[in-house]
$ cat work-v1.cif   # mmCIF, C-alpha atoms
data_model
#
loop_
_atom_site.label_atom_id
_atom_site.label_comp_id
_atom_site.auth_asym_id
_atom_site.auth_seq_id
_atom_site.Cartn_x
_atom_site.Cartn_y
_atom_site.Cartn_z
CA MET H 983 2.27 -13.67 -9.73
CA ILE H 984 4.58 -12.97 -6.76
CA ALA H 985 7.53 -14.39 -8.71
CA LEU H 986 6.79 -12.09 -11.65
CA LEU H 987 6.37 -9.12 -9.29
CA SER H 988 9.76 -9.81 -7.69
CA LYS H 989 11.38 -10.28 -11.11
CA GLU H 990 10.15 -6.89 -12.34
CA ILE H 991 11.35 -5.06 -9.23
CA ARG H 992 14.76 -6.75 -9.33
CA SER H 993 15.09 -6.04 -13.04
CA PHE H 994 14.45 -2.33 -12.54
CA LEU H 995 16.69 -1.94 -9.50
CA SER H 996 19.51 -3.88 -11.18
CA SER H 997 19.61 -1.41 -14.06
CA LEU H 998 21.31 1.97 -14.02
CA ILE H 999 18.22 3.73 -15.37
CA GLY H 1000 16.29 2.82 -12.21
CA TYR H 1001 18.66 4.71 -9.95
CA VAL H 1002 19.06 7.57 -12.42
CA VAL H 1003 15.29 8.12 -12.66
CA ILE H 1004 14.76 8.07 -8.88
CA GLY H 1005 17.90 10.16 -8.30
CA VAL H 1006 16.81 12.84 -10.78
CA PHE H 1007 13.42 13.09 -9.06
CA LEU H 1008 14.93 13.52 -5.59
CA LEU H 1009 17.66 15.89 -6.83
CA LEU H 1010 15.22 18.13 -8.69
CA VAL H 1011 12.82 18.41 -5.75
CA GLY H 1012 15.71 18.95 -3.33
CA LEU H 1013 17.24 21.73 -5.42
CA LEU H 1014 13.91 23.55 -5.75
CA MET H 1015 13.15 23.22 -2.04
CA TRP H 1016 16.53 24.09 -0.55
CA VAL H 1017 18.96 25.55 -3.12
CA PHE H 1018 17.34 27.57 -5.90
CA PRO H 1019 16.03 30.93 -4.62
CA GLY H 1020 12.38 31.86 -5.07
CA GLU H 1021 8.93 31.11 -3.75
CA LEU H 1022 9.47 27.35 -4.08
CA ASN H 1023 12.44 27.55 -1.69
CA VAL H 1024 11.32 26.61 1.83
CA ILE H 1025 13.74 29.01 3.51
CA ASP H 1026 12.82 31.95 1.25
CA TYR H 1027 9.10 31.20 1.54
CA GLY H 1028 9.29 31.40 5.32
CA PHE H 1029 6.65 28.76 6.08
CA ALA H 1030 7.07 25.16 7.22
CA THR H 1031 5.41 23.43 4.29
CA LEU H 1032 6.08 20.78 1.66
CA ASP H 1033 3.99 22.55 -0.96
CA THR H 1034 6.98 22.60 -3.33
CA LEU H 1035 7.17 18.81 -3.33
CA PHE H 1036 3.47 18.38 -4.01
CA TYR H 1037 3.49 21.08 -6.70
CA VAL H 1038 6.50 19.70 -8.57
CA ALA H 1039 5.89 15.95 -8.12
CA PRO H 1040 2.91 15.63 -10.54
CA TRP H 1041 5.04 17.22 -13.26
CA VAL H 1042 8.08 15.05 -12.54
CA PHE H 1043 5.89 11.94 -12.27
CA MET H 1044 4.72 12.55 -15.85
CA PHE H 1045 8.23 11.60 -16.96
CA LEU H 1046 9.47 9.47 -14.07
CA ILE H 1047 6.62 6.95 -14.12
CA PRO H 1048 6.60 6.46 -17.93
CA ALA H 1049 10.35 5.80 -17.60
CA ILE H 1050 9.56 3.13 -15.00
CA THR H 1051 6.74 1.48 -16.97
CA MET H 1052 7.96 1.85 -20.55
CA ARG H 1053 9.76 -1.52 -20.56
CA LEU H 1054 7.19 -3.61 -18.65
CA PHE H 1055 5.43 -4.97 -21.75
CA ALA H 1056 7.34 -3.28 -24.59
CA GLU H 1057 10.57 -5.12 -23.74
CA GLU H 1058 8.68 -8.43 -23.52
CA LYS H 1059 7.30 -7.79 -27.01
CA ARG H 1060 10.65 -6.71 -28.45
CA SER H 1061 12.47 -9.75 -27.11
CA GLY H 1062 9.65 -12.14 -28.00
CA THR H 1063 9.19 -13.36 -24.41
CA ILE H 1064 5.60 -12.10 -24.25
CA GLU H 1065 4.34 -15.28 -25.93
CA LEU H 1066 6.24 -17.41 -23.42
CA LEU H 1067 4.85 -15.34 -20.55
CA LEU H 1068 1.27 -15.68 -21.82
CA THR H 1069 1.59 -19.47 -21.99
CA LYS H 1070 2.57 -19.80 -18.34
CA PRO H 1071 -0.05 -21.02 -15.81
CA ILE H 1072 -0.93 -17.47 -14.84
CA SER H 1073 -3.88 -15.41 -16.07
CA ASP H 1074 -3.60 -12.22 -18.10
CA ILE H 1075 -4.97 -10.14 -15.23
CA GLN H 1076 -2.38 -11.63 -12.85
CA ILE H 1077 0.40 -10.71 -15.27
CA ILE H 1078 -0.94 -7.16 -15.56
CA LEU H 1079 -1.41 -6.78 -11.80
CA ALA H 1080 2.09 -8.11 -11.11
CA LYS H 1081 3.58 -5.50 -13.43
CA TYR H 1082 1.25 -2.81 -12.07
CA PHE H 1083 2.19 -3.44 -8.44
CA ALA H 1084 5.86 -3.62 -9.39
CA GLY H 1085 5.57 -0.15 -10.91
CA LEU H 1086 3.63 1.14 -7.90
CA ILE H 1087 6.20 -0.23 -5.44
CA LEU H 1088 8.95 1.54 -7.38
CA VAL H 1089 7.00 4.80 -7.13
CA ILE H 1090 6.74 4.29 -3.37
CA ILE H 1091 10.48 3.63 -3.22
CA ALA H 1092 11.04 6.96 -5.00
CA LEU H 1093 8.76 8.75 -2.52
CA LEU H 1094 10.18 7.26 0.69
CA PRO H 1095 13.37 9.40 0.72
CA THR H 1096 11.22 12.55 0.59
CA LEU H 1097 10.26 11.80 4.19
CA ILE H 1098 13.67 13.32 4.99
CA TYR H 1099 12.32 16.59 3.59
CA PHE H 1100 9.25 16.19 5.78
CA ALA H 1101 11.38 15.65 8.89
CA SER H 1102 13.53 18.68 8.00
CA VAL H 1103 10.57 21.00 7.47
CA PHE H 1104 8.93 19.63 10.64
CA GLN H 1105 11.97 20.69 12.66
CA LEU H 1106 12.17 24.09 10.93
CA GLY H 1107 8.73 25.06 12.22
CA ASN H 1108 8.52 27.72 14.92
CA PRO H 1109 8.06 26.00 17.27
CA ALA H 1110 9.23 22.62 15.90
CA GLY H 1111 6.30 20.71 14.46
CA ASN H 1112 4.32 23.83 13.61
CA MET H 1113 3.12 22.65 10.20
CA ASP H 1114 -0.06 21.33 8.66
CA THR H 1115 0.65 17.63 9.11
CA GLY H 1116 -2.91 16.67 8.13
CA GLY H 1117 -2.61 18.47 4.81
CA THR H 1118 0.86 17.01 4.30
CA TRP H 1119 -0.24 13.40 4.79
CA GLY H 1120 -3.32 14.07 2.65
CA SER H 1121 -1.01 15.35 -0.08
CA TYR H 1122 1.19 12.26 0.21
CA LEU H 1123 -1.90 10.08 -0.11
CA GLY H 1124 -3.08 12.10 -3.11
CA LEU H 1125 0.36 11.78 -4.69
CA LEU H 1126 0.27 8.03 -4.15
CA PHE H 1127 -3.15 7.73 -5.81
CA LEU H 1128 -1.97 9.98 -8.65
CA GLY H 1129 1.10 7.79 -9.06
CA SER H 1130 -1.07 4.66 -9.16
CA SER H 1131 -3.11 6.15 -12.01
CA TYR H 1132 0.04 7.16 -13.88
CA VAL H 1133 1.40 3.60 -13.48
CA ALA H 1134 -1.79 2.14 -14.98
CA ILE H 1135 -1.54 4.61 -17.88
CA GLY H 1136 2.13 3.74 -18.39
CA ILE H 1137 1.42 0.00 -18.44
CA PHE H 1138 -1.28 0.53 -21.05
CA ALA H 1139 1.14 2.53 -23.22
CA SER H 1140 3.75 -0.22 -22.85
CA SER H 1141 1.23 -2.89 -23.86
CA ILE H 1142 0.47 -1.36 -27.27
CA THR H 1143 4.02 -1.12 -28.63
CA SER H 1144 7.31 -2.99 -28.69
CA ASN H 1145 9.33 0.25 -28.68
CA GLN H 1146 10.21 1.61 -25.26
CA ILE H 1147 10.68 5.17 -26.51
CA VAL H 1148 7.22 5.16 -28.11
CA SER H 1149 5.81 3.71 -24.89
CA PHE H 1150 7.45 6.49 -22.88
CA LEU H 1151 6.15 9.26 -25.15
CA VAL H 1152 2.59 7.88 -25.32
CA ALA H 1153 2.46 7.45 -21.54
CA ALA H 1154 3.83 10.96 -20.90
CA MET H 1155 1.27 12.51 -23.26
CA LEU H 1156 -1.61 10.53 -21.76
CA CYS H 1157 -0.54 11.47 -18.23
CA PHE H 1158 -0.34 15.12 -19.24
CA PHE H 1159 -3.78 15.03 -20.82
CA MET H 1160 -5.38 13.21 -17.91
CA PHE H 1161 -3.89 15.72 -15.45
CA PHE H 1162 -4.32 19.01 -17.33
CA GLY H 1163 -6.42 18.24 -20.40
CA PHE H 1164 -9.89 18.20 -18.85
CA GLU H 1165 -9.12 21.31 -16.80
CA GLY H 1166 -8.00 23.09 -19.97
CA ILE H 1167 -11.09 21.98 -21.91
CA GLY H 1168 -13.36 22.97 -19.02
CA SER H 1169 -11.83 26.45 -18.94
CA PHE H 1170 -13.39 27.24 -22.32
CA ASP H 1171 -16.84 28.76 -22.04
CA ILE H 1172 -18.54 26.14 -24.21
CA PHE H 1173 -20.04 23.80 -21.65
CA GLY H 1174 -21.93 26.41 -19.66
CA GLN H 1175 -23.01 25.10 -16.27
CA PHE H 1176 -21.36 21.75 -17.01
CA ASP H 1177 -17.82 23.18 -16.97
CA HIS H 1178 -17.23 21.83 -13.47
CA VAL H 1179 -18.28 18.35 -14.63
CA VAL H 1180 -15.61 18.37 -17.35
CA ILE H 1181 -12.97 19.68 -14.94
CA SER H 1182 -13.86 17.00 -12.38
CA MET H 1183 -12.98 14.33 -14.98
CA GLY H 1184 -9.29 15.28 -14.73
CA LEU H 1185 -6.70 13.97 -12.29
CA SER H 1186 -5.67 17.47 -11.21
CA ASN H 1187 -9.04 18.35 -9.67
CA HIS H 1188 -9.04 15.29 -7.40
CA TYR H 1189 -5.34 15.52 -6.57
CA VAL H 1190 -5.74 19.12 -5.41
CA SER H 1191 -8.81 18.12 -3.41
CA MET H 1192 -6.87 15.44 -1.50
CA SER H 1193 -3.94 17.81 -1.01
CA ARG H 1194 -6.13 19.93 1.25
CA GLY H 1195 -6.03 17.14 3.80
CA LEU H 1196 -9.72 16.25 3.47
CA ILE H 1197 -10.02 12.65 2.29
CA ASP H 1198 -13.19 12.43 0.22
CA THR H 1199 -14.37 8.99 -0.87
CA ARG H 1200 -15.33 10.50 -4.24
CA ASP H 1201 -11.68 11.29 -4.92
CA ILE H 1202 -10.59 7.79 -3.92
CA VAL H 1203 -13.29 6.21 -6.10
CA TYR H 1204 -12.25 8.43 -9.03
CA PHE H 1205 -8.58 7.36 -8.85
CA ALA H 1206 -9.64 3.72 -8.46
CA VAL H 1207 -11.87 3.96 -11.54
CA VAL H 1208 -9.15 5.59 -13.67
CA THR H 1209 -6.64 2.95 -12.61
CA ALA H 1210 -9.07 0.09 -13.23
CA LEU H 1211 -10.05 1.53 -16.62
CA PHE H 1212 -6.49 1.64 -17.93
CA LEU H 1213 -5.71 -1.80 -16.52
CA PHE H 1214 -8.84 -3.11 -18.26
CA ILE H 1215 -7.89 -1.71 -21.67
CA THR H 1216 -4.37 -3.05 -21.08
CA ARG H 1217 -5.93 -6.48 -20.74
CA LEU H 1218 -7.79 -5.95 -24.00
CA ALA H 1219 -4.52 -4.99 -25.70
CA ILE H 1220 -2.81 -8.12 -24.35
CA GLN H 1221 -5.70 -10.39 -25.30
CA SER H 1222 -5.72 -8.99 -28.85
CA ARG H 1223 -2.44 -10.85 -29.46
CA LYS H 1224 -4.33 -14.12 -29.08
CA TRP H 1225 -6.90 -13.30 -31.76
#

$ encode --input "work-v1.cif" --output "structure tokens"
Amino acid sequence: MIALLSKEIRSFLSSLIGYVVIGVFLLLVGLLMWVFPGELNVIDYGFATLDTLFYVAPWVFMFLIPAITMRLFAEEKRSGTIELLLTKPISDIQIILAKYFAGLILVIIALLPTLIYFASVFQLGNPAGNMDTGGTWGSYLGLLFLGSSYVAIGIFASSITSNQIVSFLVAAMLCFFMFFGFEGIGSFDIFGQFDHVVISMGLSNHYVSMSRGLIDTRDIVYFAVVTALFLFITRLAIQSRKW
């Protein structure tokens, strides 16, 4: 499992697309925070906060993470190495977890450089350090949990096709629906007093909750369940090849 995990990370970092995807994410967030004028610009906004990062990241992750995960199983299927992989002395769940953790580590690698933005905003406070650090770290944790769910969704999308483009599109649409879909459905006045139940089924509701800096076990359990669910149906998709 560790060997497969290392192989996936090396494979991504040895390709140009890996650096392009991470670079685009950092460049886009950096331009919105420091260059483009408007409310998302830290200097124009006048407050020491990383709200721009945590507002933009879920949107960018909808494309960045599917780009990371689209090849994990789809490429194995296209090249025919999936059968060889499944015959190795490693269980299906170990294969899935190795690819899942590889994707999650790559997301963390993409997030690490944003700590430079945190240090910059920290120093811009008046006085230095005058910012909501609790809310900031809560937002980082929420973004990490959101990314873990997106990775699980992306792996599932990659497991059902041999075409990387199809995998990317399916993953992006599923991520969009899981983040905004339930909130949009709940906004219609058709569920009455159960509107909040529908909204709470979406990723957005729990991500925003964690971004306030209050770590609620219900939010953590929700992200864990979503991640486990998509990893489980990924296993079903992989096992279906043996039938």

$ atom_distance --input "work-v1.cif" --atom1 "CA of Ala1154 (chain H)" --atom2 "CA of Arg1053 (chain H)"
13.8 Å

$ residues_around --input "work-v1.cif" --residues "Leu1088 (chain H)" --least-positions-apart "2" --cutoff "9 Å" --atoms "all atoms listed in the file" --output "ChimeraX atom specification"
/H:991,994-995,1000,1004,1047,1050,1083-1086,1090-1093

$ write_last_selection --input "work-v1.cif" --atoms "C-alpha atoms" --output "compact mmCIF listing (two decimals), keeping the file's coordinate frame"
# COMPACT_ATOMS: atom_id res chain seq x y z
CA ILE H 991 11.35 -5.06 -9.23
CA PHE H 994 14.45 -2.33 -12.54
CA LEU H 995 16.69 -1.94 -9.50
CA GLY H 1000 16.29 2.82 -12.21
CA ILE H 1004 14.76 8.07 -8.88
CA ILE H 1047 6.62 6.95 -14.12
CA ILE H 1050 9.56 3.13 -15.00
CA PHE H 1083 2.19 -3.44 -8.44
CA ALA H 1084 5.86 -3.62 -9.39
CA GLY H 1085 5.57 -0.15 -10.91
CA LEU H 1086 3.63 1.14 -7.90
CA ILE H 1090 6.74 4.29 -3.37
CA ILE H 1091 10.48 3.63 -3.22
CA ALA H 1092 11.04 6.96 -5.00
CA LEU H 1093 8.76 8.75 -2.52

$ resolve_selection --input "work-v1.cif" --expression "the PyMOL selection byres ((chain H and resi 1035) around 9)" --output "PyMOL selection string"
chain H and resi 1011-1012+1014-1015+1022+1032-1034+1036-1040+1096+1099

$ resolve_selection --input "work-v1.cif" --expression "the PyMOL selection byres ((chain H and resi 1208-1220) around 6)" --output "tab-separated table (two decimals) with C-alpha atoms, in the frame of the given file"
chain	number	residue	atom	x	y	z
H	1131	SER	CA	-3.11	6.15	-12.01
H	1134	ALA	CA	-1.79	2.14	-14.98
H	1135	ILE	CA	-1.54	4.61	-17.88
H	1138	PHE	CA	-1.28	0.53	-21.05
H	1205	PHE	CA	-8.58	7.36	-8.85
H	1206	ALA	CA	-9.64	3.72	-8.46
H	1207	VAL	CA	-11.87	3.96	-11.54
H	1221	GLN	CA	-5.70	-10.39	-25.30
H	1222	SER	CA	-5.72	-8.99	-28.85
H	1223	ARG	CA	-2.44	-10.85	-29.46

$ closest_residue --input "work-v1.cif" --among "H:Gly1195, H:Pro1071, H:Gly1120, H:Gly1062" --to "Ser1144 (chain H)" --atoms "only C-alpha atoms"
H:Gly1062

$ closest_residue --input "work-v1.cif" --among "H:Phe1164, H:Tyr1132, H:Thr1199, H:Leu1126" --to "Pro1048 (chain H)" --atoms "only C-alpha atoms"
H:Tyr1132

$ atom_distance --input "work-v1.cif" --atom1 "CA of Val1179 (chain H)" --atom2 "CA of Val1203 (chain H)"
15.7 Å

$ atom_distance --input "work-v1.cif" --atom1 "CA of Glu1057 (chain H)" --atom2 "CA of Val1148 (chain H)"
11.7 Å

$ resolve_selection --input "work-v1.cif" --expression "the PyMOL selection byres ((chain H and resi 1045) around 10)" --output "list in words"
Val1003, Phe1007, Pro1040, Trp1041, Val1042, Phe1043, Met1044, Leu1046, Ile1047, Pro1048, Ala1049, Ile1050, Tyr1132, Phe1150, Leu1151, Ala1153, Ala1154, Met1155, Cys1157 and Phe1158 of chain H

$ residues_near_point --input "work-v1.cif" --point "(5.2, 10.6, 6.9)" --cutoff "12 Å" --atoms "only C-alpha atoms" --output "list in words"
Leu1032, Leu1093, Leu1094, Pro1095, Thr1096, Leu1097, Ile1098, Tyr1099, Phe1100, Ala1101, Ser1102, Val1103, Phe1104, Thr1115, Gly1116, Gly1117, Thr1118, Trp1119, Gly1120, Ser1121, Tyr1122 and Leu1123 of chain H

$ residues_around --input "work-v1.cif" --residues "Glu1065 (chain H)" --least-positions-apart "2" --cutoff "12 Å" --atoms "only C-alpha atoms" --output "ChimeraX atom specification"
/H:1055,1058-1063,1067-1070,1074,1220-1221,1223-1224

$ closest_residue --input "work-v1.cif" --among "H:Ser1186, H:Ser996, H:Thr1051, H:Ser988" --to "Leu1125 (chain H)" --atoms "only C-alpha atoms"
H:Ser1186

$ residues_around --input "work-v1.cif" --residues "Ser1140 (chain H)" --least-positions-apart "6" --cutoff "6 Å" --atoms "all atoms listed in the file" --output "list in words"
Met1052, Phe1055, Ala1056 and Ser1149 of chain H
